[in-house]
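start-v5.json (JSON, C-alpha atoms)
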```json
[["chain", "number", "residue", "atom", "x", "y", "z"],
["Q", 1, "MET", "CA", 91.19, 88.52, 93.11],
["Q", 2, "LYS", "CA", 94.07, 90.97, 92.89],
["Q", 3, "ILE", "CA", 97.43, 89.30, 92.29],
["Q", 4, "LEU", "CA", 100.94, 90.76, 92.33],
["Q", 5, "ILE", "CA", 103.76, 88.82, 90.67],
["Q", 6, "VAL", "CA", 107.25, 89.94, 91.64],
["Q", 7, "PHE", "CA", 109.43, 88.49, 88.89],
["Q", 8, "ALA", "CA", 113.20, 88.14, 89.02],
["Q", 9, "HIS", "CA", 114.93, 86.84, 85.88],
["Q", 10, "PRO", "CA", 117.19, 88.87, 83.57],
["Q", 11, "GLU", "CA", 116.26, 87.09, 80.30],
["Q", 12, "PRO", "CA", 112.90, 87.93, 78.67],
["Q", 13, "ARG", "CA", 113.09, 84.68, 76.62],
["Q", 14, "SER", "CA", 113.73, 82.47, 79.65],
["Q", 15, "LEU", "CA", 111.64, 79.56, 80.86],
["Q", 16, "SER", "CA", 110.78, 81.67, 83.88],
["Q", 17, "ALA", "CA", 109.40, 84.45, 81.67],
["Q", 18, "SER", "CA", 107.38, 81.96, 79.65],
["Q", 19, "LEU", "CA", 105.87, 80.50, 82.81],
["Q", 20, "ARG", "CA", 105.13, 84.00, 84.10],
["Q", 21, "ASP", "CA", 103.18, 84.68, 80.91],
["Q", 22, "VAL", "CA", 101.28, 81.39, 81.27],
["Q", 23, "ALA", "CA", 100.29, 82.37, 84.80],
["Q", 24, "ILE", "CA", 99.21, 85.87, 83.79],
["Q", 25, "GLN", "CA", 97.14, 84.63, 80.85],
["Q", 26, "ASP", "CA", 95.35, 82.03, 82.94],
["Q", 27, "LEU", "CA", 94.70, 84.39, 85.85],
["Q", 28, "GLU", "CA", 93.33, 87.11, 83.59],
["Q", 29, "ALA", "CA", 91.18, 84.55, 81.76],
["Q", 30, "GLN", "CA", 89.64, 83.74, 85.15],
["Q", 31, "GLY", "CA", 88.81, 87.42, 85.62],
["Q", 32, "HIS", "CA", 91.54, 88.22, 88.14],
["Q", 33, "GLU", "CA", 93.45, 91.51, 88.08],
["Q", 34, "VAL", "CA", 97.22, 91.00, 87.75],
["Q", 35, "ARG", "CA", 100.12, 93.38, 88.25],
["Q", 36, "VAL", "CA", 103.76, 92.49, 87.63],
["Q", 37, "SER", "CA", 106.90, 93.95, 89.16],
["Q", 38, "ASP", "CA", 109.58, 92.82, 86.68],
["Q", 39, "LEU", "CA", 112.63, 93.71, 88.75],
["Q", 40, "TYR", "CA", 115.24, 93.47, 86.00],
["Q", 41, "GLY", "CA", 112.93, 95.23, 83.54],
["Q", 42, "MET", "CA", 112.36, 98.01, 86.07],
["Q", 43, "GLY", "CA", 116.08, 98.39, 86.72],
["Q", 44, "TRP", "CA", 115.36, 97.80, 90.40],
["Q", 45, "LYS", "CA", 118.03, 99.08, 92.77],
["Q", 46, "SER", "CA", 118.90, 96.03, 94.84],
["Q", 47, "GLU", "CA", 121.22, 97.41, 97.51],
["Q", 48, "ILE", "CA", 119.93, 99.27, 100.54],
["Q", 49, "ASP", "CA", 122.06, 102.30, 101.39],
["Q", 50, "ARG", "CA", 121.88, 105.97, 102.41],
["Q", 51, "ASP", "CA", 120.09, 106.85, 99.19],
["Q", 52, "ASP", "CA", 117.05, 105.02, 100.56],
["Q", 53, "PHE", "CA", 116.76, 107.55, 103.38],
["Q", 54, "PRO", "CA", 117.07, 111.03, 101.82],
["Q", 55, "THR", "CA", 116.03, 112.79, 105.03],
["Q", 56, "LEU", "CA", 118.78, 111.14, 107.09],
["Q", 57, "PRO", "CA", 121.22, 113.89, 108.16],
["Q", 58, "SER", "CA", 124.65, 113.43, 106.59],
["Q", 59, "GLU", "CA", 126.36, 113.53, 109.99],
["Q", 60, "ASP", "CA", 124.21, 110.64, 111.34],
["Q", 61, "ARG", "CA", 125.32, 107.02, 111.15],
["Q", 62, "LEU", "CA", 123.24, 104.81, 108.90],
["Q", 63, "LYS", "CA", 121.49, 102.26, 111.12],
["Q", 64, "VAL", "CA", 119.16, 100.55, 108.68],
["Q", 65, "PRO", "CA", 116.33, 99.47, 111.05],
["Q", 66, "GLY", "CA", 116.15, 102.87, 112.73],
["Q", 67, "SER", "CA", 116.55, 104.84, 109.51],
["Q", 68, "SER", "CA", 113.90, 102.68, 107.86],
["Q", 69, "ARG", "CA", 111.47, 103.30, 110.70],
["Q", 70, "GLY", "CA", 112.09, 107.01, 110.64],
["Q", 71, "ALA", "CA", 111.52, 107.21, 106.89],
["Q", 72, "PHE", "CA", 108.38, 105.07, 107.10],
["Q", 73, "ASP", "CA", 106.86, 107.09, 109.94],
["Q", 74, "ALA", "CA", 107.67, 110.36, 108.16],
["Q", 75, "ALA", "CA", 106.29, 109.11, 104.82],
["Q", 76, "ALA", "CA", 109.78, 109.74, 103.44],
["Q", 77, "LEU", "CA", 110.50, 106.41, 101.77],
["Q", 78, "THR", "CA", 111.72, 106.66, 98.20],
["Q", 79, "ALA", "CA", 109.09, 106.63, 95.47],
["Q", 80, "ASP", "CA", 110.06, 103.21, 94.11],
["Q", 81, "VAL", "CA", 109.77, 101.59, 97.55],
["Q", 82, "ARG", "CA", 106.49, 103.32, 98.28],
["Q", 83, "ALA", "CA", 105.08, 102.08, 94.98],
["Q", 84, "GLU", "CA", 105.94, 98.49, 95.83],
["Q", 85, "ILE", "CA", 104.41, 98.79, 99.31],
["Q", 86, "ASP", "CA", 101.23, 100.12, 97.70],
["Q", 87, "LYS", "CA", 101.18, 97.08, 95.40],
["Q", 88, "LEU", "CA", 101.52, 94.72, 98.37],
["Q", 89, "LEU", "CA", 98.65, 96.44, 100.15],
["Q", 90, "TRP", "CA", 96.57, 96.29, 96.95],
["Q", 91, "ALA", "CA", 97.12, 92.59, 96.24],
["Q", 92, "ASP", "CA", 95.15, 89.74, 97.77],
["Q", 93, "THR", "CA", 97.87, 87.30, 96.69],
["Q", 94, "LEU", "CA", 101.62, 87.74, 96.21],
["Q", 95, "ILE", "CA", 103.64, 85.46, 93.94],
["Q", 96, "LEU", "CA", 107.43, 85.60, 94.08],
["Q", 97, "GLN", "CA", 108.87, 84.00, 90.93],
["Q", 98, "PHE", "CA", 112.58, 83.34, 90.53],
["Q", 99, "PRO", "CA", 115.22, 80.80, 89.51],
["Q", 100, "LEU", "CA", 117.01, 79.07, 92.37],
["Q", 101, "TRP", "CA", 120.56, 80.47, 92.25],
["Q", 102, "TRP", "CA", 123.07, 79.21, 94.80],
["Q", 103, "PHE", "CA", 120.33, 77.76, 96.98],
["Q", 104, "SER", "CA", 118.35, 81.00, 97.26],
["Q", 105, "MET", "CA", 116.70, 83.84, 95.36],
["Q", 106, "PRO", "CA", 118.60, 86.15, 93.00],
["Q", 107, "ALA", "CA", 120.22, 89.16, 94.68],
["Q", 108, "ILE", "CA", 117.85, 91.59, 92.99],
["Q", 109, "LEU", "CA", 114.85, 89.92, 94.64],
["Q", 110, "LYS", "CA", 116.55, 89.81, 98.04],
["Q", 111, "GLY", "CA", 117.23, 93.51, 97.55],
["Q", 112, "TRP", "CA", 113.55, 94.07, 96.82],
["Q", 113, "VAL", "CA", 112.74, 92.48, 100.18],
["Q", 114, "ASP", "CA", 115.47, 94.45, 101.98],
["Q", 115, "ARG", "CA", 114.17, 97.77, 100.69],
["Q", 116, "VAL", "CA", 110.40, 97.22, 100.51],
["Q", 117, "TYR", "CA", 109.96, 95.43, 103.83],
["Q", 118, "ALA", "CA", 110.33, 98.68, 105.77],
["Q", 119, "ASN", "CA", 110.46, 98.90, 109.56],
["Q", 120, "GLY", "CA", 106.96, 99.86, 110.66],
["Q", 121, "PHE", "CA", 105.42, 98.10, 107.69],
["Q", 122, "ALA", "CA", 106.70, 94.52, 107.47],
["Q", 123, "TYR", "CA", 108.45, 94.34, 110.84],
["Q", 124, "GLY", "CA", 108.73, 96.26, 114.08],
["Q", 125, "VAL", "CA", 104.95, 96.41, 114.52],
["Q", 126, "GLY", "CA", 102.68, 95.47, 117.37],
["Q", 127, "GLU", "CA", 102.94, 95.13, 121.13],
["Q", 128, "HIS", "CA", 106.07, 93.63, 122.67],
["Q", 129, "SER", "CA", 105.38, 92.32, 126.16],
["Q", 130, "ASP", "CA", 105.29, 89.11, 128.19],
["Q", 131, "ARG", "CA", 102.09, 88.20, 126.31],
["Q", 132, "ARG", "CA", 102.93, 89.06, 122.71],
["Q", 133, "TRP", "CA", 106.11, 89.68, 120.76],
["Q", 134, "GLY", "CA", 104.93, 91.94, 118.01],
["Q", 135, "ASP", "CA", 102.56, 91.27, 115.14],
["Q", 136, "ARG", "CA", 104.53, 88.72, 113.13],
["Q", 137, "TYR", "CA", 104.56, 85.07, 112.03],
["Q", 138, "GLY", "CA", 100.93, 84.89, 111.01],
["Q", 139, "GLU", "CA", 100.01, 88.43, 112.01],
["Q", 140, "GLY", "CA", 101.04, 91.84, 110.71],
["Q", 141, "ALA", "CA", 100.36, 94.28, 107.91],
["Q", 142, "LEU", "CA", 99.85, 91.51, 105.33],
["Q", 143, "ALA", "CA", 97.69, 89.15, 107.39],
["Q", 144, "GLY", "CA", 94.64, 87.84, 105.57],
["Q", 145, "LYS", "CA", 96.51, 87.67, 102.27],
["Q", 146, "ARG", "CA", 98.04, 84.66, 100.51],
["Q", 147, "ALA", "CA", 101.49, 84.17, 99.00],
["Q", 148, "MET", "CA", 103.41, 81.51, 97.11],
["Q", 149, "LEU", "CA", 106.64, 80.89, 95.25],
["Q", 150, "ILE", "CA", 107.19, 79.81, 91.66],
["Q", 151, "VAL", "CA", 110.73, 78.42, 91.52],
["Q", 152, "THR", "CA", 112.76, 76.90, 88.71],
["Q", 153, "ALA", "CA", 115.83, 74.80, 89.50],
["Q", 154, "GLY", "CA", 118.41, 73.29, 87.19],
["Q", 155, "GLY", "CA", 119.02, 70.22, 89.36],
["Q", 156, "TRP", "CA", 117.15, 66.96, 89.54],
["Q", 157, "GLU", "CA", 114.25, 66.60, 91.97],
["Q", 158, "ASP", "CA", 116.07, 63.69, 93.64],
["Q", 159, "HIS", "CA", 118.98, 66.00, 94.42],
["Q", 160, "TYR", "CA", 116.60, 68.15, 96.51],
["Q", 161, "SER", "CA", 114.86, 65.24, 98.25],
["Q", 162, "PRO", "CA", 115.10, 64.51, 102.02],
["Q", 163, "ARG", "CA", 118.25, 62.44, 101.41],
["Q", 164, "GLY", "CA", 119.48, 64.42, 98.41],
["Q", 165, "ILE", "CA", 122.91, 66.03, 98.28],
["Q", 166, "ASN", "CA", 121.52, 69.55, 97.90],
["Q", 167, "GLY", "CA", 119.30, 69.26, 100.95],
["Q", 168, "PRO", "CA", 115.50, 69.11, 101.03],
["Q", 169, "MET", "CA", 113.84, 71.80, 98.95],
["Q", 170, "ASP", "CA", 111.42, 72.48, 101.81],
["Q", 171, "ASP", "CA", 114.41, 73.37, 104.01],
["Q", 172, "LEU", "CA", 116.07, 75.55, 101.37],
["Q", 173, "LEU", "CA", 112.86, 77.53, 100.88],
["Q", 174, "PHE", "CA", 111.96, 77.72, 104.59],
["Q", 175, "PRO", "CA", 113.76, 81.07, 105.14],
["Q", 176, "ILE", "CA", 111.70, 82.54, 102.29],
["Q", 177, "ASN", "CA", 108.36, 80.88, 103.02],
["Q", 178, "HIS", "CA", 108.52, 81.28, 106.79],
["Q", 179, "GLY", "CA", 110.90, 84.18, 107.29],
["Q", 180, "ILE", "CA", 109.89, 86.47, 104.42],
["Q", 181, "LEU", "CA", 106.27, 85.54, 103.67],
["Q", 182, "HIS", "CA", 104.77, 84.16, 106.90],
["Q", 183, "TYR", "CA", 106.62, 86.74, 109.05],
["Q", 184, "PRO", "CA", 104.53, 89.77, 107.95],
["Q", 185, "GLY", "CA", 101.31, 87.75, 108.02],
["Q", 186, "TYR", "CA", 100.83, 85.89, 104.76],
["Q", 187, "GLU", "CA", 99.19, 82.49, 104.54],
["Q", 188, "VAL", "CA", 101.86, 80.68, 102.51],
["Q", 189, "LEU", "CA", 100.83, 78.17, 99.86],
["Q", 190, "PRO", "CA", 103.04, 75.23, 98.88],
["Q", 191, "PRO", "CA", 105.54, 76.37, 96.22],
["Q", 192, "PHE", "CA", 105.27, 75.50, 92.55],
["Q", 193, "LEU", "CA", 108.56, 73.86, 91.60],
["Q", 194, "VAL", "CA", 110.15, 73.04, 88.26],
["Q", 195, "TYR", "CA", 113.26, 70.83, 88.24],
["Q", 196, "ARG", "CA", 115.81, 70.29, 85.44],
["Q", 197, "ALA", "CA", 114.60, 73.59, 84.07],
["Q", 198, "ASP", "CA", 117.35, 73.88, 81.45],
["Q", 199, "ARG", "CA", 116.43, 70.53, 79.91],
["Q", 200, "LEU", "CA", 112.73, 70.94, 79.20],
["Q", 201, "ASP", "CA", 111.64, 70.16, 75.65],
["Q", 202, "GLU", "CA", 108.40, 71.43, 74.13],
["Q", 203, "ALA", "CA", 106.35, 68.55, 75.49],
["Q", 204, "GLY", "CA", 107.91, 68.98, 78.90],
["Q", 205, "PHE", "CA", 107.11, 72.69, 78.89],
["Q", 206, "GLU", "CA", 103.47, 72.05, 77.99],
["Q", 207, "ALA", "CA", 103.15, 69.60, 80.87],
["Q", 208, "VAL", "CA", 104.66, 72.12, 83.31],
["Q", 209, "ALA", "CA", 102.49, 74.92, 81.92],
["Q", 210, "GLU", "CA", 99.34, 72.88, 82.40],
["Q", 211, "ARG", "CA", 100.36, 72.04, 85.96],
["Q", 212, "LEU", "CA", 100.93, 75.75, 86.60],
["Q", 213, "ARG", "CA", 97.49, 76.61, 85.21],
["Q", 214, "GLY", "CA", 96.04, 74.16, 87.69],
["Q", 215, "ARG", "CA", 97.76, 75.93, 90.56],
["Q", 216, "MET", "CA", 96.60, 79.34, 89.36],
["Q", 217, "ARG", "CA", 93.02, 78.06, 89.35],
["Q", 218, "THR", "CA", 93.24, 76.95, 92.98],
["Q", 219, "LEU", "CA", 94.99, 79.96, 94.53],
["Q", 220, "ALA", "CA", 91.97, 80.67, 96.72],
["Q", 221, "THR", "CA", 91.38, 77.08, 97.83],
["Q", 222, "THR", "CA", 94.82, 75.43, 98.21],
["Q", 223, "PRO", "CA", 95.51, 74.78, 101.92],
["Q", 224, "PRO", "CA", 98.48, 76.83, 103.17],
["Q", 225, "LEU", "CA", 101.59, 75.37, 104.73],
["Q", 226, "PRO", "CA", 100.76, 74.64, 108.39],
["Q", 227, "PHE", "CA", 103.12, 77.15, 109.98],
["Q", 228, "ARG", "CA", 102.48, 77.83, 113.64],
["Q", 229, "ARG", "CA", 101.33, 81.30, 114.65],
["Q", 230, "GLN", "CA", 103.77, 83.00, 116.98],
["Q", 231, "ASN", "CA", 101.11, 84.43, 119.29],
["Q", 232, "GLY", "CA", 98.76, 81.47, 119.07],
["Q", 233, "GLY", "CA", 99.95, 79.83, 122.28],
["Q", 234, "ASP", "CA", 102.55, 77.41, 120.87],
["Q", 235, "TYR", "CA", 105.55, 79.52, 121.90],
["Q", 236, "LEU", "CA", 106.88, 80.68, 125.24],
["Q", 237, "ILE", "CA", 107.07, 84.47, 125.30],
["Q", 238, "PRO", "CA", 109.47, 86.28, 125.40],
["Q", 239, "ALA", "CA", 111.85, 83.31, 124.96],
["Q", 240, "MET", "CA", 110.14, 82.46, 121.61],
["Q", 241, "GLN", "CA", 110.80, 78.75, 122.18],
["Q", 242, "LEU", "CA", 108.29, 76.12, 121.12],
["Q", 243, "ARG", "CA", 106.50, 74.75, 124.17],
["Q", 244, "PRO", "CA", 107.70, 71.24, 125.09],
["Q", 245, "GLY", "CA", 105.56, 68.37, 123.88],
["Q", 246, "LEU", "CA", 103.98, 70.08, 120.86],
["Q", 247, "GLU", "CA", 106.34, 68.62, 118.29],
["Q", 248, "GLU", "CA", 105.74, 65.44, 116.35],
["Q", 249, "PRO", "CA", 107.91, 62.47, 117.43],
["Q", 250, "GLY", "CA", 111.38, 62.89, 115.97],
["Q", 251, "ALA", "CA", 110.72, 66.38, 114.62],
["Q", 252, "ALA", "CA", 113.62, 68.84, 114.77],
["Q", 253, "GLY", "CA", 114.86, 71.99, 113.08],
["Q", 254, "PHE", "CA", 112.46, 73.71, 110.71],
["Q", 255, "ALA", "CA", 109.86, 70.95, 111.12],
["Q", 256, "LEU", "CA", 109.21, 72.14, 114.68],
["Q", 257, "HIS", "CA", 107.46, 75.19, 113.31],
["Q", 258, "LEU", "CA", 104.95, 73.19, 111.26],
["Q", 259, "LYS", "CA", 101.85, 72.07, 113.11],
["Q", 260, "HIS", "CA", 102.03, 68.59, 111.62],
["Q", 261, "GLY", "CA", 105.78, 68.18, 111.81],
["Q", 262, "VAL", "CA", 106.35, 68.07, 108.03],
["Q", 263, "ALA", "CA", 105.51, 70.42, 105.22],
["Q", 264, "ASP", "CA", 102.72, 69.62, 102.80],
["Q", 265, "LYS", "CA", 104.00, 68.06, 99.60],
["Q", 266, "THR", "CA", 105.39, 70.70, 97.27],
["Q", 267, "GLU", "CA", 104.96, 70.76, 93.52]]
```
Give the structure from the file, written as C-alpha cells.
Amino acid sequence: MKILIVFAHPEPRSLSASLRDVAIQDLEAQGHEVRVSDLYGMGWKSEIDRDDFPTLPSEDRLKVPGSSRGAFDAAALTADVRAEIDKLLWADTLILQFPLWWFSMPAILKGWVDRVYANGFAYGVGEHSDRRWGDRYGEGALAGKRAMLIVTAGGWEDHYSPRGINGPMDDLLFPINHGILHYPGYEVLPPFLVYRADRLDEAGFEAVAERLRGRMRTLATTPPLPFRRQNGGDYLIPAMQLRPGLEEPGAAGFALHLKHGVADKTE
C-alpha cells in the first residue's frame, strides 16, 4: 500500500511527531511505502493569494474558484501545489495528522487544503444536472482511496463526549471527515484520537503507540464511516436535501448524513 501522511505540528520533539514516527516505522515494517509532507518542515505557504496563480493577468480580479480552475486546466499551478496533488494521486491512503487547536486543524493544514484542493481536481468536477450534482461526496478524483485522521487533543475525553462542554468530537471533526475527505471521494476511516495529550507519561505513551500500531495494521480492513453517497439516491437533486424517511428516529444535524444515524465509535 502507498500511504501519504500530511503532518502539521511545529515541534519536532512533540508527541505528534513521536506518534508520526511510530506510524511510519510500523507501516514500513509491514512493507508499505510511506511518504510524508511535513508542512512546517517544508515551510509550506498556508495562505492562498495571487501568487498561486502566476498566469492571472494583473488587471484581473482574483476570484479564487475561477482562477484555480484556470490554473488547473492550463497546468499552471505552482510547483509546490502540483507536487502535493501528485502525492495524493500516488497514495492509496491519506493520513492527516494534527493537534486539535481551537476546535479544528492548524492554519497551515487548512492552507494546504485551500491550495492543493484545486478547482477541477478536488471540486468542480462531474455533471451537474437534475440527475447528478457533480462528482463529490463519495465520488471524485480520489474515489477508491482511503483516508483517516490522527488527532491529539489536550482536553479530557469526557469533555468531547455527546454531553461534554466542548461538543462531541464526531461533530467537531465532521467538517474535516465529511467536507474535506469524503467530498473528493475518499472512504473515511474512524479517526485515531489521543486525549490529554500534554499529560502522557512514558507508560501512557507506550499504550497509545501500541494502539496506533494496531490501527496502522488494519488500514485496509477497518470499515469506513457510513457517510451517504450524494448521488446514491438518498438526496433530492438539485435541492441536495435528504429524502424524507431515511433518517434514524430522532436523528438530526450531522447524523442525518450517516446511513446508521450515528458515527462508528472513534478511537
- prompt: Taking (108.0, 94.3, 110.0) in the file's coordinates as the center, which residues reach within 10 Å of it, counting all atoms listed in the file, put as a ChimeraX atom specification?
  reply: /Q:65,69,117-126,134-136,140-142,180,183-185
Any chance you could export the current selection's C-alpha atoms as a short mmCIF file (atom, residue, chain, number, x, y, z; two decimals), in the frame of the given file?
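Listing of selection_20.cif after writing:
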```
data_model
loop_
_atom_site.label_atom_id
_atom_site.label_comp_id
_atom_site.auth_asym_id
_atom_site.auth_seq_id
_atom_site.Cartn_x
_atom_site.Cartn_y
_atom_site.Cartn_z
CA PRO Q 65 116.33 99.47 111.05
CA ARG Q 69 111.47 103.30 110.70
CA TYR Q 117 109.96 95.43 103.83
CA ALA Q 118 110.33 98.68 105.77
CA ASN Q 119 110.46 98.90 109.56
CA GLY Q 120 106.96 99.86 110.66
CA PHE Q 121 105.42 98.10 107.69
CA ALA Q 122 106.70 94.52 107.47
CA TYR Q 123 108.45 94.34 110.84
CA GLY Q 124 108.73 96.26 114.08
CA VAL Q 125 104.95 96.41 114.52
CA GLY Q 126 102.68 95.47 117.37
CA GLY Q 134 104.93 91.94 118.01
CA ASP Q 135 102.56 91.27 115.14
CA ARG Q 136 104.53 88.72 113.13
CA GLY Q 140 101.04 91.84 110.71
CA ALA Q 141 100.36 94.28 107.91
CA LEU Q 142 99.85 91.51 105.33
CA ILE Q 180 109.89 86.47 104.42
CA TYR Q 183 106.62 86.74 109.05
CA PRO Q 184 104.53 89.77 107.95
CA GLY Q 185 101.31 87.75 108.02
#
```
message: One decimal, in Å: what's the spacing between atom CA of Q:Gly144 and atom CA of Q:Asp92?
response: 8.0 Å
Output as AutoDock Vina command-line options the centre and edge lengths (Å, one decimal) of the box along x, y and z of the file that holds every listed atom of stretch 76-89 of chain Q after adding 6 Å on each side.
```
--center_x 105.2 --center_y 102.2 --center_z 98.8 --size_x 25.1 --size_y 27.0 --size_z 21.3
```
Taking 5 positions as the minimum chain separation for residues in the same chain, which residues sit within 8 Å of Q:Gly138 when counting all atoms listed in the file? Answer as a compact mmCIF listing (two decimals) with C-alpha atoms, in the coordinates of the input.
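Saved the output as part05.txt:
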```
# COMPACT_ATOMS: atom_id res chain seq x y z
CA ALA Q 143 97.69 89.15 107.39
CA HIS Q 182 104.77 84.16 106.90
CA TYR Q 183 106.62 86.74 109.05
CA PRO Q 184 104.53 89.77 107.95
CA GLY Q 185 101.31 87.75 108.02
CA TYR Q 186 100.83 85.89 104.76
CA GLU Q 187 99.19 82.49 104.54
CA ARG Q 228 102.48 77.83 113.64
CA ARG Q 229 101.33 81.30 114.65
CA GLN Q 230 103.77 83.00 116.98
```
message: Counting all atoms listed in the file, which residue out of Q:Asp49, Q:Glu28, Q:Asp38, Q:Asp114 sits closest to Q:Leu96?
response: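 Of all the options, Q:Asp38 lies closest to Q:Leu96.
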- prompt: By how many Å are atom CA of Q:His32 and atom CA of Q:Leu193 apart?
  reply: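 Result for atom CA of Q:His32 versus atom CA of Q:Leu193: 22.5 Å, one decimal.
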Output as a PDB file, in the coordinates of the input: stretch 165-189 of chain Q, completed with N, CA and C atoms.
```
ATOM      1  N   ILE Q 165     121.675  65.328  97.972  1.00  0.00           N
ATOM      2  CA  ILE Q 165     122.910  66.030  98.280  1.00  0.00           C
ATOM      3  C   ILE Q 165     122.724  67.529  98.462  1.00  0.00           C
ATOM      4  N   ASN Q 166     121.744  68.105  97.791  1.00  0.00           N
ATOM      5  CA  ASN Q 166     121.520  69.550  97.900  1.00  0.00           C
ATOM      6  C   ASN Q 166     120.725  69.944  99.140  1.00  0.00           C
ATOM      7  N   GLY Q 167     120.183  68.962  99.831  1.00  0.00           N
ATOM      8  CA  GLY Q 167     119.300  69.260 100.950  1.00  0.00           C
ATOM      9  C   GLY Q 167     117.859  69.325 100.493  1.00  0.00           C
ATOM     10  N   PRO Q 168     116.918  69.077 101.401  1.00  0.00           N
ATOM     11  CA  PRO Q 168     115.500  69.110 101.030  1.00  0.00           C
ATOM     12  C   PRO Q 168     115.073  70.486 100.543  1.00  0.00           C
ATOM     13  N   MET Q 169     114.314  70.522  99.469  1.00  0.00           N
ATOM     14  CA  MET Q 169     113.840  71.800  98.950  1.00  0.00           C
ATOM     15  C   MET Q 169     113.001  72.541  99.981  1.00  0.00           C
ATOM     16  N   ASP Q 170     112.209  71.814 100.767  1.00  0.00           N
ATOM     17  CA  ASP Q 170     111.420  72.480 101.810  1.00  0.00           C
ATOM     18  C   ASP Q 170     112.319  73.257 102.775  1.00  0.00           C
ATOM     19  N   ASP Q 171     113.489  72.683 103.100  1.00  0.00           N
ATOM     20  CA  ASP Q 171     114.410  73.370 104.010  1.00  0.00           C
ATOM     21  C   ASP Q 171     115.055  74.578 103.342  1.00  0.00           C
ATOM     22  N   LEU Q 172     115.434  74.434 102.065  1.00  0.00           N
ATOM     23  CA  LEU Q 172     116.070  75.550 101.370  1.00  0.00           C
ATOM     24  C   LEU Q 172     115.114  76.742 101.247  1.00  0.00           C
ATOM     25  N   LEU Q 173     113.834  76.458 101.068  1.00  0.00           N
ATOM     26  CA  LEU Q 173     112.860  77.530 100.880  1.00  0.00           C
ATOM     27  C   LEU Q 173     112.241  78.016 102.202  1.00  0.00           C
ATOM     28  N   PHE Q 174     112.542  77.333 103.302  1.00  0.00           N
ATOM     29  CA  PHE Q 174     111.960  77.720 104.590  1.00  0.00           C
ATOM     30  C   PHE Q 174     112.271  79.181 104.942  1.00  0.00           C
ATOM     31  N   PRO Q 175     113.512  79.660 104.786  1.00  0.00           N
ATOM     32  CA  PRO Q 175     113.760  81.070 105.140  1.00  0.00           C
ATOM     33  C   PRO Q 175     112.928  82.058 104.325  1.00  0.00           C
ATOM     34  N   ILE Q 176     112.538  81.665 103.114  1.00  0.00           N
ATOM     35  CA  ILE Q 176     111.700  82.540 102.290  1.00  0.00           C
ATOM     36  C   ILE Q 176     110.236  82.377 102.687  1.00  0.00           C
ATOM     37  N   ASN Q 177     109.768  81.126 102.702  1.00  0.00           N
ATOM     38  CA  ASN Q 177     108.360  80.880 103.020  1.00  0.00           C
ATOM     39  C   ASN Q 177     107.994  81.335 104.422  1.00  0.00           C
ATOM     40  N   HIS Q 178     108.823  80.978 105.388  1.00  0.00           N
ATOM     41  CA  HIS Q 178     108.520  81.280 106.790  1.00  0.00           C
ATOM     42  C   HIS Q 178     109.029  82.653 107.194  1.00  0.00           C
ATOM     43  N   GLY Q 179     110.275  82.964 106.808  1.00  0.00           N
ATOM     44  CA  GLY Q 179     110.900  84.180 107.290  1.00  0.00           C
ATOM     45  C   GLY Q 179     110.571  85.433 106.512  1.00  0.00           C
ATOM     46  N   ILE Q 180     110.207  85.299 105.235  1.00  0.00           N
ATOM     47  CA  ILE Q 180     109.890  86.470 104.420  1.00  0.00           C
ATOM     48  C   ILE Q 180     108.383  86.602 104.179  1.00  0.00           C
ATOM     49  N   LEU Q 181     107.697  85.485 103.983  1.00  0.00           N
ATOM     50  CA  LEU Q 181     106.270  85.540 103.670  1.00  0.00           C
ATOM     51  C   LEU Q 181     105.384  85.394 104.914  1.00  0.00           C
ATOM     52  N   HIS Q 182     105.614  84.361 105.708  1.00  0.00           N
ATOM     53  CA  HIS Q 182     104.770  84.160 106.900  1.00  0.00           C
ATOM     54  C   HIS Q 182     105.021  85.258 107.937  1.00  0.00           C
ATOM     55  N   TYR Q 183     106.259  85.751 108.032  1.00  0.00           N
ATOM     56  CA  TYR Q 183     106.620  86.740 109.050  1.00  0.00           C
ATOM     57  C   TYR Q 183     105.676  87.948 109.058  1.00  0.00           C
ATOM     58  N   PRO Q 184     105.419  88.623 107.918  1.00  0.00           N
ATOM     59  CA  PRO Q 184     104.530  89.770 107.950  1.00  0.00           C
ATOM     60  C   PRO Q 184     103.045  89.421 107.829  1.00  0.00           C
ATOM     61  N   GLY Q 185     102.718  88.108 107.908  1.00  0.00           N
ATOM     62  CA  GLY Q 185     101.310  87.750 108.020  1.00  0.00           C
ATOM     63  C   GLY Q 185     100.724  86.874 106.950  1.00  0.00           C
ATOM     64  N   TYR Q 186     101.419  86.669 105.850  1.00  0.00           N
ATOM     65  CA  TYR Q 186     100.830  85.890 104.760  1.00  0.00           C
ATOM     66  C   TYR Q 186     100.500  84.461 105.168  1.00  0.00           C
ATOM     67  N   GLU Q 187      99.412  83.928 104.608  1.00  0.00           N
ATOM     68  CA  GLU Q 187      99.190  82.490 104.540  1.00  0.00           C
ATOM     69  C   GLU Q 187      99.993  82.008 103.332  1.00  0.00           C
ATOM     70  N   VAL Q 188     100.887  81.063 103.541  1.00  0.00           N
ATOM     71  CA  VAL Q 188     101.860  80.680 102.510  1.00  0.00           C
ATOM     72  C   VAL Q 188     101.443  79.355 101.885  1.00  0.00           C
ATOM     73  N   LEU Q 189     101.218  79.372 100.576  1.00  0.00           N
ATOM     74  CA  LEU Q 189     100.830  78.170  99.860  1.00  0.00           C
ATOM     75  C   LEU Q 189     102.058  77.336  99.517  1.00  0.00           C
TER      76      LEU Q 189
END
```
